[in-house]
$ cat data08.cif   # mmCIF, C-alpha atoms and all ligand atoms
data_target
#
loop_
_atom_site.label_atom_id
_atom_site.label_comp_id
_atom_site.auth_asym_id
_atom_site.auth_seq_id
_atom_site.Cartn_x
_atom_site.Cartn_y
_atom_site.Cartn_z
CA MET A 39 -19.03 -12.21 4.05
CA SER A 40 -20.14 -10.55 0.83
CA ALA A 41 -20.03 -6.86 -0.01
CA GLN A 42 -21.52 -4.77 -2.74
CA VAL A 43 -18.61 -2.86 -4.28
CA LEU A 44 -19.69 0.71 -5.02
CA PHE A 45 -16.39 2.28 -6.02
CA THR A 46 -13.06 0.81 -7.02
CA ALA A 47 -9.87 2.52 -8.12
CA LEU A 48 -7.01 1.14 -10.20
CA CYS A 49 -3.60 0.66 -8.60
CA HIS A 50 -0.44 -0.02 -10.58
CA THR A 51 -0.39 -3.49 -8.96
CA ASP A 52 -3.60 -4.42 -10.83
CA ALA A 53 -1.94 -3.41 -14.12
CA TYR A 54 1.24 -5.31 -13.27
CA THR A 55 -0.73 -8.46 -12.44
CA LEU A 56 -2.92 -8.13 -15.55
CA ASP A 57 0.28 -7.86 -17.61
CA GLY A 58 1.41 -11.24 -16.24
CA LEU A 59 4.28 -9.78 -14.19
CA ASP A 60 3.22 -11.10 -10.77
CA PRO A 61 4.65 -14.55 -10.07
CA GLU A 62 1.60 -15.21 -7.91
CA GLY A 63 -0.85 -13.98 -10.56
CA LEU A 64 -3.46 -16.66 -11.23
CA PHE A 65 -5.86 -16.51 -14.16
CA PRO A 66 -8.71 -16.35 -14.81
CA CYS A 67 -9.31 -14.08 -11.83
CA ILE A 68 -11.19 -10.96 -10.76
CA LEU A 69 -8.62 -8.23 -10.08
CA GLY A 70 -9.08 -5.08 -7.97
CA HIS A 71 -8.07 -4.24 -4.40
CA GLU A 72 -8.57 -0.48 -3.80
CA ALA A 73 -12.28 -0.08 -3.15
CA ALA A 74 -15.19 0.66 -0.86
CA GLY A 75 -18.67 -0.77 -0.50
CA VAL A 76 -21.44 -1.99 1.76
CA VAL A 77 -21.77 -5.35 3.51
CA GLU A 78 -24.44 -7.43 1.76
CA SER A 79 -24.40 -10.62 3.84
CA VAL A 80 -22.39 -12.20 6.61
CA GLY A 81 -21.59 -15.85 7.10
CA GLU A 82 -21.67 -17.95 10.23
CA GLY A 83 -19.36 -16.69 12.97
CA VAL A 84 -18.85 -13.23 11.50
CA THR A 85 -19.19 -10.78 14.38
CA SER A 86 -17.20 -7.65 13.58
CA VAL A 87 -19.34 -6.43 10.65
CA SER A 88 -23.06 -6.46 9.89
CA VAL A 89 -25.25 -6.07 6.84
CA GLY A 90 -25.27 -2.42 5.77
CA ASP A 91 -21.89 -1.50 7.28
CA HIS A 92 -19.65 0.62 5.08
CA VAL A 93 -16.39 -1.19 4.49
CA ILE A 94 -13.03 -0.96 2.79
CA PRO A 95 -11.53 -4.31 1.74
CA CYS A 96 -8.03 -4.89 3.15
CA TYR A 97 -5.67 -7.09 1.19
CA GLN A 98 -3.47 -7.12 4.28
CA ALA A 99 -5.75 -8.88 6.72
CA ARG A 100 -5.90 -8.22 10.43
CA SER A 101 -8.07 -10.10 12.88
CA LYS A 102 -9.99 -9.23 15.99
CA ALA A 103 -7.70 -8.25 18.84
CA GLN A 104 -6.80 -10.86 21.37
CA LYS A 105 -4.55 -10.93 24.38
CA LEU A 106 -1.29 -11.84 22.78
CA LEU A 107 1.20 -14.09 24.46
CA LEU A 108 4.66 -14.85 23.18
CA ASN A 109 6.38 -17.78 24.87
CA GLY A 110 4.00 -17.31 27.76
CA ARG A 111 4.92 -13.64 28.17
CA ARG A 112 2.34 -10.93 27.54
CA VAL A 113 3.61 -8.70 24.76
CA SER A 114 0.60 -6.51 24.33
CA GLN A 115 -2.71 -5.48 25.81
CA THR A 116 -6.03 -5.26 24.07
CA THR A 117 -8.45 -2.39 24.48
CA THR A 118 -12.16 -2.29 23.90
CA ASP A 119 -11.78 -0.56 20.54
CA ASN A 120 -9.78 -3.52 19.25
CA THR A 121 -6.53 -1.62 19.51
CA VAL A 122 -3.55 -3.48 20.90
CA LEU A 123 -1.00 -1.56 22.88
CA ASP A 124 2.59 -2.67 23.05
CA PRO A 125 3.77 -1.48 26.48
CA SER A 126 7.37 -1.14 25.25
CA SER A 127 6.43 0.94 22.21
CA THR A 128 6.58 4.70 21.99
CA SER A 129 4.72 4.68 18.65
CA PRO A 130 1.01 5.48 18.39
CA PRO A 131 -1.07 2.37 19.15
CA GLN A 132 -1.92 0.06 16.29
CA ALA A 133 -3.51 -3.35 16.47
CA TYR A 134 -1.60 -6.54 16.02
CA CYS A 135 -3.25 -9.11 13.85
CA ALA A 136 -4.14 -12.56 15.00
CA ASP A 137 -5.88 -15.63 13.73
CA LEU A 138 -9.59 -15.52 14.40
CA GLU A 139 -10.10 -19.15 15.18
CA ALA A 140 -6.93 -20.49 16.71
CA GLN A 141 -3.67 -19.24 18.12
CA PRO A 142 -2.45 -15.97 16.66
CA CYS A 143 0.11 -16.57 13.94
CA LYS A 144 3.79 -15.91 14.53
CA PHE A 145 3.53 -12.69 12.53
CA CYS A 146 0.58 -11.49 14.58
CA LEU A 147 2.56 -11.92 17.74
CA HIS A 148 5.51 -9.97 16.48
CA PRO A 149 5.41 -6.22 17.10
CA LYS A 150 7.43 -5.38 14.00
CA THR A 151 5.05 -6.43 11.23
CA ASN A 152 1.56 -5.83 9.86
CA LEU A 153 1.66 -8.98 7.72
CA CYS A 154 -1.09 -11.16 9.19
CA GLN A 155 -0.77 -14.64 7.72
CA SER A 156 -4.13 -15.97 8.94
CA VAL A 157 -5.62 -16.10 5.45
CA ARG A 158 -2.56 -15.25 3.32
CA ALA A 159 -1.95 -18.77 2.00
CA TRP A 160 -5.53 -18.92 0.69
CA THR A 161 -5.64 -15.39 -0.73
CA GLY A 162 -2.36 -16.17 -2.51
CA ARG A 163 -4.02 -19.18 -4.12
CA GLY A 164 -7.12 -17.19 -5.06
CA VAL A 165 -9.57 -19.11 -2.85
CA MET A 166 -11.45 -18.84 0.46
CA LYS A 167 -10.02 -20.41 3.61
CA ALA A 168 -13.25 -22.12 4.70
CA ASP A 169 -13.21 -24.69 1.91
CA GLY A 170 -10.29 -23.85 -0.36
CA ALA A 171 -12.72 -22.93 -3.14
CA SER A 172 -13.56 -19.82 -5.12
CA ARG A 173 -16.89 -17.98 -4.83
CA PHE A 174 -16.84 -16.71 -8.43
CA THR A 175 -17.76 -18.53 -11.60
CA LEU A 176 -18.04 -17.68 -15.27
CA ASP A 177 -20.07 -20.03 -17.47
CA GLY A 178 -19.95 -22.54 -14.63
CA LYS A 179 -16.12 -22.49 -14.37
CA PRO A 180 -14.37 -21.08 -11.30
CA LEU A 181 -12.60 -17.72 -11.36
CA PHE A 182 -9.81 -17.06 -8.86
CA HIS A 183 -10.03 -14.31 -6.22
CA PHE A 184 -7.21 -11.71 -6.21
CA MET A 185 -5.43 -10.40 -3.09
CA GLY A 186 -8.40 -11.57 -1.03
CA THR A 187 -10.44 -8.63 -2.34
CA SER A 188 -11.48 -8.93 -6.06
CA THR A 189 -13.13 -5.54 -6.24
CA PHE A 190 -13.58 -5.36 -10.02
CA SER A 191 -17.00 -6.88 -9.48
CA GLU A 192 -20.42 -5.59 -8.37
CA TYR A 193 -20.31 -8.06 -5.48
CA THR A 194 -17.35 -9.75 -3.85
CA VAL A 195 -16.78 -12.34 -1.14
CA VAL A 196 -14.01 -11.70 1.38
CA HIS A 197 -12.78 -13.08 4.69
CA GLU A 198 -13.99 -11.23 7.78
CA VAL A 199 -10.37 -10.39 8.59
CA SER A 200 -10.06 -8.65 5.21
CA VAL A 201 -12.46 -5.74 5.70
CA ALA A 202 -12.33 -2.53 7.71
CA LYS A 203 -15.62 -1.05 8.90
CA VAL A 204 -15.50 2.71 8.40
CA ASN A 205 -17.45 5.83 9.34
CA PRO A 206 -20.75 5.63 7.39
CA ALA A 207 -20.64 9.38 6.78
CA ALA A 208 -17.42 9.08 4.77
CA PRO A 209 -17.82 9.44 0.98
CA LEU A 210 -17.01 6.01 -0.40
CA ASP A 211 -16.00 7.42 -3.79
CA LYS A 212 -13.09 9.14 -2.02
CA VAL A 213 -12.08 6.89 0.87
CA CYS A 214 -11.87 3.87 -1.43
CA LEU A 215 -8.33 5.12 -2.12
CA LEU A 216 -7.39 4.30 1.47
CA GLY A 217 -7.58 0.59 0.59
CA CYS A 218 -4.12 0.70 -0.93
CA GLY A 219 -1.93 3.30 -2.62
CA ILE A 220 -2.39 6.43 -0.54
CA SER A 221 -2.30 4.62 2.80
CA THR A 222 0.82 2.81 1.60
CA GLY A 223 2.66 6.03 0.76
CA TRP A 224 1.68 7.70 4.03
CA GLY A 225 2.61 4.63 6.07
CA ALA A 226 5.96 4.20 4.32
CA VAL A 227 6.90 7.62 5.68
CA PHE A 228 5.20 7.52 9.11
CA ASN A 229 5.52 3.84 10.07
CA THR A 230 8.36 2.31 8.09
CA ALA A 231 10.85 5.15 7.78
CA LYS A 232 9.55 7.24 10.70
CA VAL A 233 10.70 10.46 9.05
CA GLN A 234 11.40 13.22 11.57
CA ALA A 235 11.36 17.01 11.32
CA GLY A 236 14.40 18.30 9.47
CA ASN A 237 15.12 15.04 7.61
CA THR A 238 15.92 15.10 3.91
CA VAL A 239 13.91 12.82 1.62
CA ALA A 240 14.00 11.60 -2.00
CA VAL A 241 10.93 10.05 -3.62
CA PHE A 242 11.38 8.03 -6.82
CA GLY A 243 8.19 7.66 -8.89
CA LEU A 244 5.50 10.33 -8.74
CA GLY A 245 2.34 8.30 -9.18
CA ALA A 246 -0.23 8.31 -6.39
CA VAL A 247 2.01 6.25 -4.09
CA GLY A 248 5.02 8.55 -4.52
CA LEU A 249 2.88 11.67 -4.06
CA ALA A 250 1.44 10.17 -0.88
CA CYS A 251 5.03 9.81 0.37
CA ILE A 252 5.56 13.49 -0.42
CA GLU A 253 2.35 14.47 1.39
CA ALA A 254 3.44 12.55 4.48
CA ALA A 255 7.00 13.90 4.32
CA VAL A 256 5.56 17.42 4.34
CA GLU A 257 3.43 16.54 7.37
CA ALA A 258 6.52 15.08 9.06
CA LYS A 259 8.25 18.42 8.40
CA ALA A 260 11.02 17.06 6.18
CA SER A 261 13.38 19.91 5.34
CA ARG A 262 13.93 18.91 1.73
CA ILE A 263 11.89 16.63 -0.53
CA ILE A 264 13.49 15.66 -3.84
CA ALA A 265 10.98 14.27 -6.33
CA VAL A 266 12.37 12.00 -9.08
CA ASP A 267 10.56 10.84 -12.21
CA THR A 268 11.44 10.13 -15.84
CA ASN A 269 8.15 11.76 -16.91
CA PRO A 270 8.53 15.53 -16.45
CA ASP A 271 4.73 15.94 -16.64
CA LYS A 272 4.71 14.63 -13.07
CA PHE A 273 6.69 17.52 -11.63
CA ALA A 274 3.84 20.04 -11.43
CA SER A 275 1.86 17.87 -9.04
CA ALA A 276 5.00 16.95 -7.08
CA ARG A 277 5.64 20.66 -6.46
CA GLN A 278 1.98 21.21 -5.61
CA TRP A 279 2.20 18.36 -3.08
CA GLY A 280 5.29 19.97 -1.47
CA ALA A 281 8.42 18.72 -3.24
CA THR A 282 11.25 21.22 -2.91
CA ASP A 283 13.27 19.89 -5.91
CA CYS A 284 12.42 17.86 -9.01
CA VAL A 285 14.96 15.67 -10.80
CA ASN A 286 14.57 13.92 -14.14
CA PRO A 287 17.26 11.20 -14.40
CA LYS A 288 17.15 11.63 -18.17
CA ASP A 289 18.37 15.23 -17.91
CA SER A 290 21.91 14.33 -16.88
CA ALA A 291 24.61 11.90 -17.98
CA THR A 292 25.51 11.53 -14.29
CA ALA A 293 23.73 8.70 -12.45
CA VAL A 294 20.72 10.05 -10.55
CA GLN A 295 22.06 8.77 -7.22
CA GLN A 296 25.21 10.88 -7.70
CA VAL A 297 23.11 13.89 -8.70
CA ILE A 298 21.20 13.59 -5.42
CA VAL A 299 24.35 12.97 -3.35
CA ASP A 300 25.84 16.14 -4.85
CA MET A 301 22.64 18.13 -4.16
CA THR A 302 22.50 17.11 -0.50
CA ASP A 303 26.07 17.18 0.81
CA GLY A 304 26.41 13.40 0.84
CA GLY A 305 22.91 11.99 0.39
CA VAL A 306 19.41 12.01 1.86
CA ASP A 307 18.26 10.66 5.21
CA PHE A 308 15.45 8.65 3.60
CA SER A 309 14.50 7.58 0.09
CA PHE A 310 11.36 5.87 -1.19
CA GLU A 311 11.20 3.74 -4.32
CA CYS A 312 7.65 3.97 -5.70
CA VAL A 313 8.23 2.63 -9.21
CA GLY A 314 8.82 -1.13 -9.00
CA ASN A 315 12.07 -1.04 -11.03
CA VAL A 316 15.14 -2.77 -9.58
CA GLU A 317 17.59 -0.29 -11.15
CA VAL A 318 15.65 2.54 -9.52
CA MET A 319 15.75 0.62 -6.22
CA ARG A 320 19.55 0.59 -6.48
CA ALA A 321 19.66 4.32 -7.21
CA ALA A 322 17.30 4.98 -4.29
CA LEU A 323 19.58 3.09 -1.91
CA GLU A 324 22.76 4.67 -3.21
CA CYS A 325 21.45 8.25 -2.93
CA CYS A 326 21.14 7.74 0.84
CA HIS A 327 23.65 9.29 3.20
CA LYS A 328 26.60 7.18 4.28
CA GLY A 329 26.32 6.07 7.88
CA TRP A 330 22.56 6.40 8.40
CA GLY A 331 20.51 6.82 5.20
CA GLU A 332 17.57 4.44 4.79
CA SER A 333 15.85 3.45 1.57
CA ILE A 334 12.31 2.08 1.62
CA ILE A 335 11.21 -0.18 -1.25
CA VAL A 336 7.52 0.40 -1.90
CA GLY A 337 7.35 -0.51 -5.60
CA VAL A 338 6.59 -4.07 -6.66
CA ALA A 339 9.09 -5.48 -9.17
CA ALA A 340 8.22 -8.00 -11.87
CA ALA A 341 8.68 -11.75 -11.56
CA GLY A 342 12.32 -12.83 -11.82
CA GLN A 343 13.78 -9.40 -10.97
CA GLU A 344 16.44 -9.10 -8.27
CA ILE A 345 17.96 -6.11 -6.51
CA ARG A 346 21.70 -5.54 -6.31
CA THR A 347 24.23 -3.08 -5.00
CA ARG A 348 27.78 -3.26 -3.70
CA PRO A 349 27.60 -4.75 -0.19
CA PHE A 350 29.91 -1.88 0.80
CA GLN A 351 26.85 0.39 0.51
CA LEU A 352 25.32 -1.47 3.46
CA VAL A 353 28.62 -2.01 5.29
CA THR A 354 28.93 1.75 5.36
CA GLY A 355 25.63 2.22 7.10
CA ARG A 356 22.90 2.55 4.50
CA VAL A 357 19.80 0.48 5.22
CA TRP A 358 17.42 -1.20 2.77
CA ARG A 359 13.83 -1.82 3.95
CA GLY A 360 10.51 -2.65 2.33
CA THR A 361 6.93 -1.90 3.23
CA ALA A 362 3.59 -3.58 2.53
CA PHE A 363 0.52 -1.38 2.96
CA GLY A 364 2.81 1.13 4.64
CA GLY A 365 3.09 -1.02 7.73
CA TYR A 366 -0.50 -0.17 8.73
CA LYS A 367 -2.37 -2.84 10.68
CA SER A 368 -5.26 -2.65 8.34
CA ARG A 369 -8.57 -3.13 10.13
CA VAL A 370 -7.72 -0.72 12.92
CA ALA A 371 -5.65 1.76 10.94
CA VAL A 372 -7.97 2.20 7.92
CA PRO A 373 -10.93 3.52 9.97
CA GLN A 374 -8.51 5.94 11.65
CA LEU A 375 -7.26 7.10 8.26
CA VAL A 376 -10.88 7.60 7.17
CA ASP A 377 -11.44 9.74 10.27
CA LYS A 378 -8.31 11.73 9.45
CA TYR A 379 -9.74 12.35 5.96
CA MET A 380 -13.07 13.42 7.48
CA SER A 381 -11.23 15.95 9.64
CA GLY A 382 -9.99 17.62 6.46
CA ALA A 383 -6.34 16.93 7.24
CA THR A 384 -5.39 15.14 4.02
CA LYS A 385 -5.06 15.74 0.29
CA LEU A 386 -6.97 12.55 -0.52
CA ASP A 387 -9.40 14.20 -2.97
CA SER A 388 -6.51 15.55 -5.04
CA TYR A 389 -5.32 12.07 -6.03
CA ILE A 390 -8.53 11.47 -7.97
CA THR A 391 -7.84 12.68 -11.49
CA HIS A 392 -10.69 10.78 -13.17
CA ASN A 393 -14.13 9.47 -12.26
CA MET A 394 -15.43 6.91 -14.74
CA LYS A 395 -17.99 4.14 -15.04
CA PHE A 396 -16.87 0.59 -14.38
CA SER A 397 -17.67 -0.25 -18.01
CA GLU A 398 -14.81 2.13 -18.95
CA ILE A 399 -12.20 0.12 -17.04
CA ASN A 400 -10.12 -0.59 -20.15
CA GLU A 401 -9.78 3.14 -20.84
CA ALA A 402 -8.76 3.54 -17.18
CA PHE A 403 -5.96 0.98 -17.63
CA ASP A 404 -4.84 2.87 -20.76
CA LEU A 405 -4.61 6.09 -18.73
CA LEU A 406 -2.55 4.33 -16.05
CA HIS A 407 -0.14 2.84 -18.61
CA ALA A 408 0.22 6.21 -20.33
CA GLY A 409 1.05 7.95 -17.03
CA LYS A 410 -1.94 10.27 -17.54
CA CYS A 411 -3.73 9.69 -14.25
CA LEU A 412 -3.08 9.43 -10.56
CA ARG A 413 -6.15 7.52 -9.52
CA VAL A 414 -9.19 6.69 -11.64
CA VAL A 415 -12.23 5.94 -9.47
CA LEU A 416 -14.73 3.66 -11.17
CA SER A 417 -18.36 3.56 -10.04
CA LEU A 418 -20.16 0.25 -10.26
P1 LIG B 1 2.09 4.66 -11.07
O1 LIG B 1 2.28 3.87 -12.30
O2 LIG B 1 0.94 5.60 -11.00
O3 LIG B 1 3.42 5.55 -10.79
C1 LIG B 1 4.72 5.12 -11.11
C2 LIG B 1 5.58 6.35 -11.44
O4 LIG B 1 6.93 5.91 -11.65
C3 LIG B 1 5.14 7.08 -12.70
O5 LIG B 1 4.99 8.47 -12.45
C4 LIG B 1 6.29 6.85 -13.67
O6 LIG B 1 6.49 7.90 -14.60
C5 LIG B 1 7.46 6.69 -12.72
N1 LIG B 1 8.62 6.01 -13.28
C6 LIG B 1 8.67 5.00 -14.18
N2 LIG B 1 9.95 4.65 -14.44
C7 LIG B 1 10.72 5.45 -13.68
C8 LIG B 1 12.13 5.56 -13.50
N3 LIG B 1 13.00 4.77 -14.16
N4 LIG B 1 12.60 6.49 -12.64
C9 LIG B 1 11.73 7.31 -11.96
N5 LIG B 1 10.38 7.25 -12.10
C10 LIG B 1 9.90 6.33 -12.94
O7 LIG B 1 2.08 3.63 -9.88
P2 LIG B 1 1.49 3.71 -8.38
O8 LIG B 1 0.10 3.23 -8.36
O9 LIG B 1 1.84 5.03 -7.78
O10 LIG B 1 2.38 2.54 -7.69
C11 LIG B 1 3.77 2.69 -7.58
C12 LIG B 1 4.42 1.36 -7.22
O11 LIG B 1 4.05 0.99 -5.90
C13 LIG B 1 3.98 0.18 -8.10
O12 LIG B 1 5.10 -0.67 -8.30
C14 LIG B 1 2.93 -0.52 -7.26
O13 LIG B 1 2.81 -1.87 -7.64
C15 LIG B 1 3.55 -0.35 -5.89
N6 LIG B 1 2.65 -0.46 -4.73
C16 LIG B 1 3.15 -1.09 -3.64
C17 LIG B 1 2.40 -1.19 -2.49
C18 LIG B 1 2.95 -1.86 -1.28
O14 LIG B 1 2.20 -2.19 -0.37
N7 LIG B 1 4.27 -2.07 -1.19
C19 LIG B 1 1.11 -0.63 -2.45
C20 LIG B 1 0.64 0.05 -3.59
C21 LIG B 1 1.42 0.13 -4.72
N1 LIG B 2 2.55 -11.34 -5.26
C1 LIG B 2 3.78 -10.69 -5.61
C2 LIG B 2 4.09 -9.46 -4.81
C3 LIG B 2 2.99 -8.43 -4.83
C4 LIG B 2 3.18 -7.52 -3.64
O1 LIG B 2 4.30 -7.27 -3.20
N2 LIG B 2 2.09 -6.98 -3.13
C5 LIG B 2 2.16 -6.01 -2.05
C6 LIG B 2 0.97 -5.14 -2.15
S1 LIG B 2 0.94 -4.24 -3.65
C7 LIG B 2 -0.49 -3.40 -3.49
O2 LIG B 2 -0.66 -2.60 -4.54
C8 LIG B 2 2.11 -6.66 -0.68
O3 LIG B 2 1.54 -6.15 0.26
N3 LIG B 2 2.74 -7.77 -0.54
C9 LIG B 2 2.74 -8.52 0.67
C10 LIG B 2 1.90 -9.76 0.52
O4 LIG B 2 1.75 -10.50 1.48
O5 LIG B 2 1.40 -9.99 -0.59
C11 LIG B 2 4.97 -11.64 -5.62
O6 LIG B 2 6.08 -11.18 -5.93
O7 LIG B 2 4.74 -12.84 -5.34
ZN ZN B 3 -2.39 -1.40 -4.72
#
$ encode --input "data08.cif" --output "structure tokens"
Amino acid sequence: MSAQVLFTALCHTDAYTLDGLDPEGLFPCILGHEAAGVVESVGEGVTSVSVGDHVIPCYQARSKAQKLLLNGRRVSQTTTDNTVLDPSSTSPPQAYCADLEAQPCKFCLHPKTNLCQSVRAWTGRGVMKADGASRFTLDGKPLFHFMGTSTFSEYTVVHEVSVAKVNPAAPLDKVCLLGCGISTGWGAVFNTAKVQAGNTVAVFGLGAVGLACIEAAVEAKASRIIAVDTNPDKFASARQWGATDCVNPKDSATAVQQVIVDMTDGGVDFSFECVGNVEVMRAALECCHKGWGESIIVGVAAAGQEIRTRPFQLVTGRVWRGTAFGGYKSRVAVPQLVDKYMSGATKLDSYITHNMKFSEINEAFDLLHAGKCLRVVLSL
């Protein structure tokens, strides 16, 4: 299906790919993955969206719900609203993903992941599944798609499983942010870590993703939220979002993990790495409390980077996890997040520090690199 992209924001992942740091980055391509628009046309067999629907592209795909069987055993039930309920789960219902045409993929059948693989191999190669080809050209030569979304374009072509239909009353210049960074931060806290009231939290990196972790930690009633960044200009917003403490690792000769351990009588219950730096990932793990602390890797590290710590850190009970799109099963969760925004229960508007024209995209990248914006929303 094709969509007219009306608004797209810049995420750090676009900058990292443009800088050649993504091992999967293929060029020439059309970047962009945090956006909103209107369906322009649908191809044969597309049934879940129609021309004129308001949509948010989802780089994590998720197909129409099906009755899911695992080794012949029913593991979930579908409902009419496309939600799939896992009878053994106490979490709020989210849909499992599944292949549209054939058997659901192994990932779709598994209750622990949101990583639908039904189109992933093709989106990773920058092409469409139907024919293994791109839909974009420049001077007659093909351009690769990016993350299955390619929203830095007036029109884009995406798989049906890669769009969420949302409330048409929602302002697309705001809810476009739910296509990546803000949803990811919220989901890291609610779905991946499952922060509970009274927990202590440390958030490394105070861009939009880190602030979204803080927003969710406040909603989860965390008792203490320690915000960490090497740019002290970020602390004012962190406090405004609800951080109880701000730490600049550059202010002390002591390693930041030790600073946090000392501040919290042994470490935090949960930490979130929202930078994409493997040294910060180590610090985020090691500031967790012995015996139960969990560190969630949200940041995307550059090609060739590897994480390390003393295995003893894990032997003694700390847990390292990662999250993609905050664990949200995209096509069902994104419309729900839009509805949550419409109810007034989020700080979504506050993440937009700049509104610019698409023709100013290079200036927007400069702002992101200089740490001078949270989210720049570009209108096309
Ligand atoms: P951003 O560039 O706006 O924010 C990064 C922040 O990290 C900045 O405030 C910067 O000052 C801070 N920082 C840099 N070095 C630091 C250090 N050594 N210690 C502490 N803070 C440091 O980026 P963003 O858009 O908020 O994205 C954050 C990360 O999350 C990126 O790596 C992005 O690629 C990743 N991401 C992952 C997912 C996912 O699904 N896992 C989704 C969206 C974004
Ligand atoms: N392609 C890279 C990794 C990039 C990556 O981790 N992407 C995140 C989303 S970042 C959004 O801003 C993700 O969801 N990854 C899961 C997936 O299936 O791509 C690499 O290292 O190869
Ligand atoms: Zn992103």
$ residues_near_point --input "data08.cif" --point "(7.5, -1.9, 7.0)" --cutoff "12 Å" --atoms "only C-alpha atoms" --output "JSON, numbers by chain"
{"A": [149, 150, 151, 152, 153, 222, 223, 224, 225, 226, 227, 228, 229, 230, 231, 232, 310, 333, 334, 335, 336, 358, 359, 360, 361, 362, 363, 364, 365, 366, 367]}
$ write_last_selection --input "data08.cif" --atoms "C-alpha atoms" --output "PDB file, in the frame of the given file"
ATOM      1  CA  PRO A 149       5.410  -6.220  17.100  1.00  0.00           C
ATOM      2  CA  LYS A 150       7.430  -5.380  14.000  1.00  0.00           C
ATOM      3  CA  THR A 151       5.050  -6.430  11.230  1.00  0.00           C
ATOM      4  CA  ASN A 152       1.560  -5.830   9.860  1.00  0.00           C
ATOM      5  CA  LEU A 153       1.660  -8.980   7.720  1.00  0.00           C
ATOM      6  CA  THR A 222       0.820   2.810   1.600  1.00  0.00           C
ATOM      7  CA  GLY A 223       2.660   6.030   0.760  1.00  0.00           C
ATOM      8  CA  TRP A 224       1.680   7.700   4.030  1.00  0.00           C
ATOM      9  CA  GLY A 225       2.610   4.630   6.070  1.00  0.00           C
ATOM     10  CA  ALA A 226       5.960   4.200   4.320  1.00  0.00           C
ATOM     11  CA  VAL A 227       6.900   7.620   5.680  1.00  0.00           C
ATOM     12  CA  PHE A 228       5.200   7.520   9.110  1.00  0.00           C
ATOM     13  CA  ASN A 229       5.520   3.840  10.070  1.00  0.00           C
ATOM     14  CA  THR A 230       8.360   2.310   8.090  1.00  0.00           C
ATOM     15  CA  ALA A 231      10.850   5.150   7.780  1.00  0.00           C
ATOM     16  CA  LYS A 232       9.550   7.240  10.700  1.00  0.00           C
ATOM     17  CA  PHE A 310      11.360   5.870  -1.190  1.00  0.00           C
ATOM     18  CA  SER A 333      15.850   3.450   1.570  1.00  0.00           C
ATOM     19  CA  ILE A 334      12.310   2.080   1.620  1.00  0.00           C
ATOM     20  CA  ILE A 335      11.210  -0.180  -1.250  1.00  0.00           C
ATOM     21  CA  VAL A 336       7.520   0.400  -1.900  1.00  0.00           C
ATOM     22  CA  TRP A 358      17.420  -1.200   2.770  1.00  0.00           C
ATOM     23  CA  ARG A 359      13.830  -1.820   3.950  1.00  0.00           C
ATOM     24  CA  GLY A 360      10.510  -2.650   2.330  1.00  0.00           C
ATOM     25  CA  THR A 361       6.930  -1.900   3.230  1.00  0.00           C
ATOM     26  CA  ALA A 362       3.590  -3.580   2.530  1.00  0.00           C
ATOM     27  CA  PHE A 363       0.520  -1.380   2.960  1.00  0.00           C
ATOM     28  CA  GLY A 364       2.810   1.130   4.640  1.00  0.00           C
ATOM     29  CA  GLY A 365       3.090  -1.020   7.730  1.00  0.00           C
ATOM     30  CA  TYR A 366      -0.500  -0.170   8.730  1.00  0.00           C
ATOM     31  CA  LYS A 367      -2.370  -2.840  10.680  1.00  0.00           C
TER      32      LYS A 367
END
$ residues_around --input "data08.cif" --residues "Val233 (chain A)" --least-positions-apart "6" --cutoff "9 Å" --atoms "only C-alpha atoms" --output "ChimeraX atom specification"
/A:227,239,254-255,258-260,307-308
$ closest_atom_pairs --input "data08.cif" --of "chain A" --to "ligand ZN 3 (chain B)" --cutoff "8 Å" --atoms "only C-alpha atoms and all ligand atoms" --output "Markdown table"
| residue | atom | partner | partner_atom | distance |
| --- | --- | --- | --- | --- |
| A:Leu48 | CA | B:ZN3 | ZN | 7.6 |
| A:Cys49 | CA | B:ZN3 | ZN | 4.6 |
| A:His50 | CA | B:ZN3 | ZN | 6.3 |
| A:Thr51 | CA | B:ZN3 | ZN | 5.1 |
| A:Asp52 | CA | B:ZN3 | ZN | 6.9 |
| A:His71 | CA | B:ZN3 | ZN | 6.4 |
| A:Glu72 | CA | B:ZN3 | ZN | 6.3 |
| A:Gly217 | CA | B:ZN3 | ZN | 7.7 |
| A:Cys218 | CA | B:ZN3 | ZN | 4.7 |
| A:Gly219 | CA | B:ZN3 | ZN | 5.2 |
$ residues_near_point --input "data08.cif" --point "(19.5, 15.4, -16.1)" --cutoff "12 Å" --atoms "all atoms listed in the file" --output "list of chain:residue names"
A:Val266, A:Asp267, A:Thr268, A:Asn269, A:Pro270, A:Cys284, A:Val285, A:Asn286, A:Pro287, A:Lys288, A:Asp289, A:Ser290, A:Ala291, A:Thr292, A:Ala293, A:Val294, A:Gln295, A:Gln296, A:Val297, A:Ile298
$ write_last_selection --input "data08.cif" --atoms "C-alpha atoms" --output "compact mmCIF listing (two decimals), in the coordinates of the input"
# COMPACT_ATOMS: atom_id res chain seq x y z
CA VAL A 266 12.37 12.00 -9.08
CA ASP A 267 10.56 10.84 -12.21
CA THR A 268 11.44 10.13 -15.84
CA ASN A 269 8.15 11.76 -16.91
CA PRO A 270 8.53 15.53 -16.45
CA CYS A 284 12.42 17.86 -9.01
CA VAL A 285 14.96 15.67 -10.80
CA ASN A 286 14.57 13.92 -14.14
CA PRO A 287 17.26 11.20 -14.40
CA LYS A 288 17.15 11.63 -18.17
CA ASP A 289 18.37 15.23 -17.91
CA SER A 290 21.91 14.33 -16.88
CA ALA A 291 24.61 11.90 -17.98
CA THR A 292 25.51 11.53 -14.29
CA ALA A 293 23.73 8.70 -12.45
CA VAL A 294 20.72 10.05 -10.55
CA GLN A 295 22.06 8.77 -7.22
CA GLN A 296 25.21 10.88 -7.70
CA VAL A 297 23.11 13.89 -8.70
CA ILE A 298 21.20 13.59 -5.42
